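J.: Got start-v3.pdb for you, PDB, C-alpha atoms, pLDDT in the B column:
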ATOM      1  CA  MET A1036       7.648   7.569   5.591  1.00 94.00           C
ATOM      2  CA  ARG A1037      10.363   8.701   3.189  1.00 98.00           C
ATOM      3  CA  ILE A1038      12.021   6.219   0.842  1.00 98.00           C
ATOM      4  CA  ALA A1039      15.308   6.705  -1.045  1.00 98.00           C
ATOM      5  CA  VAL A1040      15.242   4.824  -4.356  1.00 98.00           C
ATOM      6  CA  GLY A1041      18.203   4.338  -6.664  1.00 98.00           C
ATOM      7  CA  SER A1042      19.351   2.147  -9.498  1.00 98.00           C
ATOM      8  CA  ASP A1043      22.114   1.636 -11.961  1.00 97.00           C
ATOM      9  CA  HIS A1044      21.387   1.389 -15.698  1.00 97.00           C
ATOM     10  CA  ALA A1045      20.313  -2.282 -15.437  1.00 97.00           C
ATOM     11  CA  GLY A1046      17.662  -1.363 -12.886  1.00 97.00           C
ATOM     12  CA  PHE A1047      16.528   1.886 -14.468  1.00 97.00           C
ATOM     13  CA  VAL A1048      13.297   0.600 -16.051  1.00 97.00           C
ATOM     14  CA  LEU A1049      12.221  -1.279 -12.909  1.00 98.00           C
ATOM     15  CA  LYS A1050      13.036   1.782 -10.797  1.00 98.00           C
ATOM     16  CA  GLY A1051      10.559   3.763 -12.909  1.00 97.00           C
ATOM     17  CA  GLU A1052       7.815   1.192 -12.273  1.00 98.00           C
ATOM     18  CA  ILE A1053       8.485   1.204  -8.535  1.00 98.00           C
ATOM     19  CA  LEU A1054       8.607   5.005  -8.360  1.00 98.00           C
ATOM     20  CA  ALA A1055       5.246   5.225 -10.134  1.00 98.00           C
ATOM     21  CA  MET A1056       3.684   2.799  -7.646  1.00 98.00           C
ATOM     22  CA  LEU A1057       5.150   4.646  -4.641  1.00 98.00           C
ATOM     23  CA  LYS A1058       4.008   8.026  -5.914  1.00 96.00           C
ATOM     24  CA  GLU A1059       0.525   6.620  -6.615  1.00 96.00           C
ATOM     25  CA  LYS A1060       0.394   5.629  -2.928  1.00 96.00           C
ATOM     26  CA  ASN A1061       1.550   9.140  -1.925  1.00 97.00           C
ATOM     27  CA  ILE A1062       4.790   7.844  -0.421  1.00 97.00           C
ATOM     28  CA  ASP A1063       7.497  10.491  -0.155  1.00 97.00           C
ATOM     29  CA  VAL A1064      10.361   9.452  -2.454  1.00 98.00           C
ATOM     30  CA  ILE A1065      13.931  10.631  -2.989  1.00 98.00           C
ATOM     31  CA  GLU A1066      15.006   9.479  -6.455  1.00 97.00           C
ATOM     32  CA  MET A1067      18.707   8.869  -6.903  1.00 94.00           C
ATOM     33  CA  GLY A1068      21.134   7.069  -9.127  1.00 89.00           C
ATOM     34  CA  CYS A1069      20.829   6.539 -12.822  1.00 90.00           C
ATOM     35  CA  MET A1070      18.392   9.075 -14.211  1.00 91.00           C
ATOM     36  CA  ASN A1071      18.451   8.237 -17.919  1.00 90.00           C
ATOM     37  CA  GLY A1072      19.418   4.602 -18.433  1.00 87.00           C
ATOM     38  CA  GLU A1073      23.026   5.378 -19.355  1.00 91.00           C
ATOM     39  CA  SER A1074      25.725   3.229 -17.831  1.00 93.00           C
ATOM     40  CA  CYS A1075      26.677   4.105 -14.258  1.00 94.00           C
ATOM     41  CA  ASP A1076      28.431   2.412 -11.353  1.00 96.00           C
ATOM     42  CA  TYR A1077      26.161   0.678  -8.831  1.00 97.00           C
ATOM     43  CA  PRO A1078      28.528   1.085  -5.825  1.00 98.00           C
ATOM     44  CA  LEU A1079      28.186   4.858  -6.092  1.00 97.00           C
ATOM     45  CA  VAL A1080      24.392   4.615  -6.266  1.00 98.00           C
ATOM     46  CA  ALA A1081      24.358   2.318  -3.230  1.00 98.00           C
ATOM     47  CA  ARG A1082      26.459   4.771  -1.227  1.00 98.00           C
ATOM     48  CA  GLU A1083      24.234   7.672  -2.297  1.00 98.00           C
ATOM     49  CA  VAL A1084      21.002   5.947  -1.195  1.00 98.00           C
ATOM     50  CA  CYS A1085      22.499   4.515   2.003  1.00 98.00           C
ATOM     51  CA  SER A1086      23.782   7.930   3.073  1.00 98.00           C
ATOM     52  CA  GLN A1087      20.193   9.191   2.935  1.00 98.00           C
ATOM     53  CA  ILE A1088      19.296   6.540   5.523  1.00 98.00           C
ATOM     54  CA  THR A1089      22.316   6.974   7.775  1.00 98.00           C
ATOM     55  CA  ASP A1090      21.900  10.764   7.650  1.00 98.00           C
ATOM     56  CA  LYS A1091      18.218  10.251   8.641  1.00 98.00           C
ATOM     57  CA  LYS A1092      16.908  11.933   5.486  1.00 98.00           C
ATOM     58  CA  ALA A1093      15.112   8.696   4.510  1.00 98.00           C
ATOM     59  CA  ASP A1094      13.577   5.907   6.570  1.00 98.00           C
ATOM     60  CA  LEU A1095      14.249   3.062   4.157  1.00 98.00           C
ATOM     61  CA  GLY A1096      15.950   2.485   0.818  1.00 98.00           C
ATOM     62  CA  ILE A1097      15.323   0.545  -2.356  1.00 98.00           C
ATOM     63  CA  LEU A1098      18.231  -0.299  -4.654  1.00 98.00           C
ATOM     64  CA  ILE A1099      18.037  -1.946  -8.068  1.00 98.00           C
ATOM     65  CA  CYS A1100      20.759  -3.317 -10.328  1.00 98.00           C
ATOM     66  CA  GLY A1101      20.745  -6.206 -12.802  1.00 97.00           C
ATOM     67  CA  THR A1102      20.510  -8.978 -10.194  1.00 98.00           C
ATOM     68  CA  GLY A1103      20.266  -7.020  -6.940  1.00 98.00           C
ATOM     69  CA  LEU A1104      23.410  -8.782  -5.767  1.00 98.00           C
ATOM     70  CA  GLY A1105      26.172  -6.310  -6.596  1.00 98.00           C
ATOM     71  CA  ILE A1106      24.273  -3.340  -5.265  1.00 98.00           C
ATOM     72  CA  SER A1107      23.440  -5.243  -2.048  1.00 98.00           C
ATOM     73  CA  ILE A1108      27.105  -6.075  -1.498  1.00 98.00           C
ATOM     74  CA  ALA A1109      27.993  -2.403  -1.929  1.00 98.00           C
ATOM     75  CA  ALA A1110      25.144  -1.256   0.344  1.00 98.00           C
ATOM     76  CA  ASN A1111      26.164  -3.652   3.103  1.00 98.00           C
ATOM     77  CA  LYS A1112      29.592  -2.008   3.210  1.00 97.00           C
ATOM     78  CA  CYS A1113      27.913   1.153   4.511  1.00 97.00           C
ATOM     79  CA  LYS A1114      27.874   1.380   8.295  1.00 96.00           C
ATOM     80  CA  GLY A1115      24.378   0.965   9.736  1.00 97.00           C
ATOM     81  CA  ILE A1116      22.903  -0.572   6.605  1.00 98.00           C
ATOM     82  CA  ARG A1117      21.260  -3.972   6.477  1.00 98.00           C
ATOM     83  CA  ALA A1118      20.477  -4.573   2.814  1.00 98.00           C
ATOM     84  CA  ALA A1119      18.686  -7.685   1.585  1.00 98.00           C
ATOM     85  CA  VAL A1120      18.061  -9.043  -1.898  1.00 98.00           C
ATOM     86  CA  CYS A1121      14.483 -10.284  -2.063  1.00 98.00           C
ATOM     87  CA  THR A1122      12.909 -12.239  -4.880  1.00 98.00           C
ATOM     88  CA  ASP A1123       9.534 -12.865  -3.241  1.00 98.00           C
ATOM     89  CA  CYS A1124       7.212 -11.382  -0.633  1.00 98.00           C
ATOM     90  CA  TYR A1125       8.108 -13.973   2.005  1.00 98.00           C
ATOM     91  CA  MET A1126      11.740 -12.848   1.926  1.00 98.00           C
ATOM     92  CA  ALA A1127      10.714  -9.182   2.073  1.00 98.00           C
ATOM     93  CA  LYS A1128       8.456  -9.806   5.069  1.00 98.00           C
ATOM     94  CA  TYR A1129      10.986 -11.785   7.067  1.00 98.00           C
ATOM     95  CA  THR A1130      13.990  -9.606   6.357  1.00 98.00           C
ATOM     96  CA  ARG A1131      12.035  -6.749   7.945  1.00 98.00           C
ATOM     97  CA  LEU A1132      10.556  -8.852  10.786  1.00 98.00           C
ATOM     98  CA  HIS A1133      13.751 -10.674  11.764  1.00 98.00           C
ATOM     99  CA  ASN A1134      16.705  -8.729  10.324  1.00 98.00           C
ATOM    100  CA  ASP A1135      15.384  -5.161  10.566  1.00 98.00           C
ATOM    101  CA  ALA A1136      16.616  -4.664   7.000  1.00 98.00           C
ATOM    102  CA  ASN A1137      16.576  -1.011   6.015  1.00 98.00           C
ATOM    103  CA  VAL A1138      17.385  -1.439   2.319  1.00 98.00           C
ATOM    104  CA  LEU A1139      15.563  -3.659  -0.160  1.00 98.00           C
ATOM    105  CA  CYS A1140      17.584  -4.780  -3.181  1.00 98.00           C
ATOM    106  CA  LEU A1141      15.998  -6.011  -6.394  1.00 98.00           C
ATOM    107  CA  GLY A1142      17.223  -7.311  -9.735  1.00 98.00           C
ATOM    108  CA  GLY A1143      15.884  -5.464 -12.748  1.00 97.00           C
ATOM    109  CA  ARG A1144      16.924  -8.307 -15.051  1.00 97.00           C
ATOM    110  CA  VAL A1145      15.492 -11.135 -12.939  1.00 97.00           C
ATOM    111  CA  ILE A1146      12.137  -9.946 -11.603  1.00 97.00           C
ATOM    112  CA  GLY A1147       9.074  -8.461 -13.262  1.00 97.00           C
ATOM    113  CA  ALA A1148       7.509  -5.154 -12.312  1.00 98.00           C
ATOM    114  CA  GLY A1149       4.311  -6.640 -10.871  1.00 98.00           C
ATOM    115  CA  LEU A1150       6.112  -8.923  -8.447  1.00 98.00           C
ATOM    116  CA  ALA A1151       8.692  -6.240  -7.644  1.00 98.00           C
ATOM    117  CA  CYS A1152       5.951  -3.803  -6.639  1.00 98.00           C
ATOM    118  CA  GLU A1153       4.352  -6.451  -4.391  1.00 98.00           C
ATOM    119  CA  ILE A1154       7.729  -7.110  -2.773  1.00 98.00           C
ATOM    120  CA  VAL A1155       8.191  -3.374  -2.187  1.00 98.00           C
ATOM    121  CA  ARG A1156       4.712  -3.072  -0.649  1.00 98.00           C
ATOM    122  CA  THR A1157       5.417  -6.006   1.681  1.00 98.00           C
ATOM    123  CA  PHE A1158       8.795  -4.569   2.687  1.00 98.00           C
ATOM    124  CA  LEU A1159       7.292  -1.171   3.468  1.00 98.00           C
ATOM    125  CA  VAL A1160       4.339  -2.369   5.556  1.00 98.00           C
ATOM    126  CA  THR A1161       6.302  -4.845   7.683  1.00 98.00           C
ATOM    127  CA  SER A1162       7.943  -3.710  10.918  1.00 97.00           C
ATOM    128  CA  PHE A1163      10.801  -5.188  12.912  1.00 97.00           C
ATOM    129  CA  GLU A1164       9.583  -7.760  15.414  1.00 96.00           C
ATOM    130  CA  GLY A1165      12.331  -7.172  17.985  1.00 95.00           C
ATOM    131  CA  GLY A1166      12.573  -9.712  20.801  1.00 94.00           C
ATOM    132  CA  ARG A1167      15.158 -12.419  20.188  1.00 94.00           C
ATOM    133  CA  HIS A1168      15.803 -10.891  16.780  1.00 97.00           C
ATOM    134  CA  LYS A1169      17.051  -7.632  18.306  1.00 97.00           C
ATOM    135  CA  ARG A1170      19.883  -9.499  20.007  1.00 96.00           C
ATOM    136  CA  ARG A1171      20.938 -10.916  16.639  1.00 96.00           C
ATOM    137  CA  VAL A1172      20.687  -7.580  14.837  1.00 96.00           C
ATOM    138  CA  ASP A1173      22.799  -6.069  17.638  1.00 96.00           C
ATOM    139  CA  GLN A1174      25.366  -8.832  17.080  1.00 96.00           C
ATOM    140  CA  ILE A1175      25.521  -7.871  13.410  1.00 95.00           C
ATOM    141  CA  GLY A1176      26.220  -4.291  14.523  1.00 95.00           C
ATOM    142  CA  GLU A1177      29.013  -5.539  16.811  1.00 95.00           C
ATOM    143  CA  ILE A1178      30.622  -7.360  13.886  1.00 95.00           C
ATOM    144  CA  GLU A1179      30.323  -4.199  11.800  1.00 94.00           C
ATOM    145  CA  ASN A1180      32.026  -2.140  14.529  1.00 93.00           C
ATOM    146  CA  SER A1181      34.875  -4.601  15.217  1.00 92.00           C
TER
END
Could you express the structure from this file as structure tokens?
T.:
Amino acid sequence: MRIAVGSDHAGFVLKGEILAMLKEKNIDVIEMGCMNGESCDYPLVAREVCSQITDKKADLGILICGTGLGISIAANKCKGIRAAVCTDCYMAKYTRLHNDANVLCLGGRVIGAGLACEIVRTFLVTSFEGGRHKRRVDQIGEIENS
């Protein structure tokens, strides 16, 4: 599994914590976005990470900004991306099971590193359930293509 991870300046510190956890678990990571904590624009980071997924260079993405909201809005503008802001493990599990989310969004200013790493672990180990949920995910794709 290869994960593209990016943040803006508000998510820079949390991105470092998540990268360390992923590397400790020997997960292949593509680091993108803010690389030094200096101000940058989250829509550009979202597009950069999402292109790794749509170009099949990464399986999933993780995006971090101050709240997770702005970067999720930007990510969801990218064709083929289903980005979800998650603030707990239940949300992370069910956005993968039912929505086939391919990008996890987190808020560096609203969630601690310990919980964020648990959310990431849950997101990564959960697979899409399919079934009735596939029909709904396909409907989302139809909306995106109309």
J.: Once the PyMOL selection byres ((chain A and resi 1157) around 10) has been applied to the shown file, what residues remain in the selection, as number ranges by chain?
T.: A: 1123-1129, 1131, 1151-1156, 1158-1162
J.: Which residues come within 8 Å of Ala1118 (chain A), counting only C-alpha atoms, excluding same-chain residues fewer than 4 positions away, as a ChimeraX atom specification?
T.: /A:1107,1110-1111,1136-1140
J.: Pick from A:Ile1038, A:Gly1147, A:Arg1170, A:Thr1102: nearest to Lys1058 (chain A), with only C-alpha atoms counted?
T.: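 Answer, going by the shortest atom-to-atom distance: A:Ile1038.
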J.: Residues at most 8 Å from Ile1099 (chain A), counting all atoms listed in the file, excluding those fewer than 6 positions away in the same chain, as an MDAnalysis selection string?
T.: chainID A and resid 1041:1043 1045:1047 1049:1050 1106 1140:1143
J.: Could you check the closest approach to Ile1116 (chain A) for each of A:Gly1068, A:Val1145, A:His1168, A:Ile1175 and tell me which residue wins, using all atoms listed in the file?
T.: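 That would be A:Ile1175, the residue with the smallest distance to Ile1116 (chain A).
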J.: Would you list the residues near (15.8, 11.9, 4.6), meaning any protein, DNA or RNA residue with an atom at most 10 Å from that point in file coordinates, counting all atoms listed in the file, as a PyMOL selection string?
T.: chain A and resi 1036-1039+1063-1065+1084+1086-1095
J.: Using all atoms listed in the file, pick whichever of A:Thr1122, A:Val1172, A:Arg1117, A:Val1040 has the shortest atom-to-atom distance to Val1080 (chain A).
T.: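 Once distances to Val1080 (chain A) are computed over all atoms listed in the file, the minimum belongs to A:Val1040.
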J.: Do you have the CA of Arg1167 (chain A)-CA of Gly1096 (chain A) distance handy?
T.: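 Atom-to-atom, CA of Arg1167 (chain A) to CA of Gly1096 (chain A), that is 24.5 Å.
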J.: How far is it from CA of Asn1071 (chain A) to CA of Val1120 (chain A), in Å with one decimal?
T.: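 Computed distance, CA of Asn1071 (chain A) to CA of Val1120 (chain A), equals 23.6 Å.
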J.: Quick one: distance from CA of Glu1083 (chain A) to CA of Glu1052 (chain A) in Å, one decimal?
T.: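 Computing it gives 20.3 Å between the two atoms.
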J.: Can I get region 1073-1106 of chain A with N, CA and C atoms filled in, as an mmCIF file, in the coordinates of the input?
T.:
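Output saved as rebuild16.cif:
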data_model
loop_
_atom_site.group_PDB
_atom_site.id
_atom_site.type_symbol
_atom_site.label_atom_id
_atom_site.label_comp_id
_atom_site.auth_asym_id
_atom_site.auth_seq_id
_atom_site.Cartn_x
_atom_site.Cartn_y
_atom_site.Cartn_z
ATOM 1 N N GLU A 1073 21.632 5.495 -18.907
ATOM 2 C CA GLU A 1073 23.026 5.378 -19.355
ATOM 3 C C GLU A 1073 23.856 4.681 -18.288
ATOM 4 N N SER A 1074 24.882 4.010 -18.728
ATOM 5 C CA SER A 1074 25.725 3.229 -17.831
ATOM 6 C C SER A 1074 26.230 4.064 -16.657
ATOM 7 N N CYS A 1075 26.132 3.473 -15.464
ATOM 8 C CA CYS A 1075 26.677 4.105 -14.258
ATOM 9 C C CYS A 1075 27.136 3.003 -13.306
ATOM 10 N N ASP A 1076 27.834 3.376 -12.269
ATOM 11 C CA ASP A 1076 28.431 2.412 -11.353
ATOM 12 C C ASP A 1076 27.553 2.208 -10.123
ATOM 13 N N TYR A 1077 27.088 0.972 -9.928
ATOM 14 C CA TYR A 1077 26.161 0.678 -8.831
ATOM 15 C C TYR A 1077 26.735 0.945 -7.436
ATOM 16 N N PRO A 1078 28.056 0.779 -7.179
ATOM 17 C CA PRO A 1078 28.528 1.085 -5.825
ATOM 18 C C PRO A 1078 28.289 2.544 -5.426
ATOM 19 N N LEU A 1079 28.405 3.442 -6.390
ATOM 20 C CA LEU A 1079 28.186 4.858 -6.092
ATOM 21 C C LEU A 1079 26.714 5.142 -5.803
ATOM 22 N N VAL A 1080 25.832 4.462 -6.510
ATOM 23 C CA VAL A 1080 24.392 4.615 -6.266
ATOM 24 C C VAL A 1080 24.049 4.065 -4.886
ATOM 25 N N ALA A 1081 24.610 2.912 -4.549
ATOM 26 C CA ALA A 1081 24.358 2.318 -3.230
ATOM 27 C C ALA A 1081 24.795 3.274 -2.127
ATOM 28 N N ARG A 1082 25.974 3.841 -2.254
ATOM 29 C CA ARG A 1082 26.459 4.771 -1.227
ATOM 30 C C ARG A 1082 25.557 5.995 -1.128
ATOM 31 N N GLU A 1083 25.101 6.492 -2.267
ATOM 32 C CA GLU A 1083 24.234 7.672 -2.297
ATOM 33 C C GLU A 1083 22.912 7.409 -1.560
ATOM 34 N N VAL A 1084 22.269 6.285 -1.844
ATOM 35 C CA VAL A 1084 21.002 5.947 -1.195
ATOM 36 C C VAL A 1084 21.225 5.650 0.288
ATOM 37 N N CYS A 1085 22.244 4.880 0.603
ATOM 38 C CA CYS A 1085 22.499 4.515 2.003
ATOM 39 C C CYS A 1085 22.823 5.738 2.857
ATOM 40 N N SER A 1086 23.486 6.714 2.300
ATOM 41 C CA SER A 1086 23.782 7.930 3.073
ATOM 42 C C SER A 1086 22.500 8.677 3.429
ATOM 43 N N GLN A 1087 21.480 8.571 2.606
ATOM 44 C CA GLN A 1087 20.193 9.191 2.935
ATOM 45 C C GLN A 1087 19.596 8.549 4.194
ATOM 46 N N ILE A 1088 19.810 7.260 4.352
ATOM 47 C CA ILE A 1088 19.296 6.540 5.523
ATOM 48 C C ILE A 1088 20.150 6.857 6.751
ATOM 49 N N THR A 1089 21.454 6.743 6.616
ATOM 50 C CA THR A 1089 22.316 6.974 7.775
ATOM 51 C C THR A 1089 22.305 8.433 8.220
ATOM 52 N N ASP A 1090 22.027 9.347 7.298
ATOM 53 C CA ASP A 1090 21.900 10.764 7.650
ATOM 54 C C ASP A 1090 20.479 11.123 8.090
ATOM 55 N N LYS A 1091 19.610 10.096 8.174
ATOM 56 C CA LYS A 1091 18.218 10.251 8.641
ATOM 57 C C LYS A 1091 17.371 11.159 7.743
ATOM 58 N N LYS A 1092 17.711 11.202 6.460
ATOM 59 C CA LYS A 1092 16.908 11.933 5.486
ATOM 60 C C LYS A 1092 15.855 11.018 4.859
ATOM 61 N N ALA A 1093 16.062 9.701 4.998
ATOM 62 C CA ALA A 1093 15.112 8.696 4.510
ATOM 63 C C ALA A 1093 14.982 7.618 5.572
ATOM 64 N N ASP A 1094 13.818 6.984 5.608
ATOM 65 C CA ASP A 1094 13.577 5.907 6.570
ATOM 66 C C ASP A 1094 14.081 4.563 6.059
ATOM 67 N N LEU A 1095 13.870 4.322 4.787
ATOM 68 C CA LEU A 1095 14.249 3.062 4.157
ATOM 69 C C LEU A 1095 14.780 3.349 2.765
ATOM 70 N N GLY A 1096 15.442 2.336 2.179
ATOM 71 C CA GLY A 1096 15.950 2.485 0.818
ATOM 72 C C GLY A 1096 15.563 1.307 -0.055
ATOM 73 N N ILE A 1097 15.525 1.581 -1.346
ATOM 74 C CA ILE A 1097 15.323 0.545 -2.356
ATOM 75 C C ILE A 1097 16.415 0.741 -3.393
ATOM 76 N N LEU A 1098 17.151 -0.338 -3.674
ATOM 77 C CA LEU A 1098 18.231 -0.299 -4.654
ATOM 78 C C LEU A 1098 18.001 -1.365 -5.709
ATOM 79 N N ILE A 1099 18.286 -1.021 -6.966
ATOM 80 C CA ILE A 1099 18.037 -1.946 -8.068
ATOM 81 C C ILE A 1099 19.237 -1.941 -9.008
ATOM 82 N N CYS A 1100 19.757 -3.137 -9.275
ATOM 83 C CA CYS A 1100 20.759 -3.317 -10.328
ATOM 84 C C CYS A 1100 20.293 -4.505 -11.160
ATOM 85 N N GLY A 1101 21.162 -5.103 -11.939
ATOM 86 C CA GLY A 1101 20.745 -6.206 -12.802
ATOM 87 C C GLY A 1101 20.199 -7.393 -12.037
ATOM 88 N N THR A 1102 20.932 -7.829 -10.993
ATOM 89 C CA THR A 1102 20.510 -8.978 -10.194
ATOM 90 C C THR A 1102 20.100 -8.603 -8.775
ATOM 91 N N GLY A 1103 20.462 -7.424 -8.328
ATOM 92 C CA GLY A 1103 20.266 -7.020 -6.940
ATOM 93 C C GLY A 1103 21.452 -7.398 -6.067
ATOM 94 N N LEU A 1104 22.305 -8.263 -6.573
ATOM 95 C CA LEU A 1104 23.410 -8.782 -5.767
ATOM 96 C C LEU A 1104 24.550 -7.785 -5.600
ATOM 97 N N GLY A 1105 25.046 -7.244 -6.684
ATOM 98 C CA GLY A 1105 26.172 -6.310 -6.596
ATOM 99 C C GLY A 1105 25.837 -5.093 -5.759
ATOM 100 N N ILE A 1106 24.669 -4.552 -5.976
ATOM 101 C CA ILE A 1106 24.273 -3.340 -5.265
ATOM 102 C C ILE A 1106 24.036 -3.633 -3.783
#
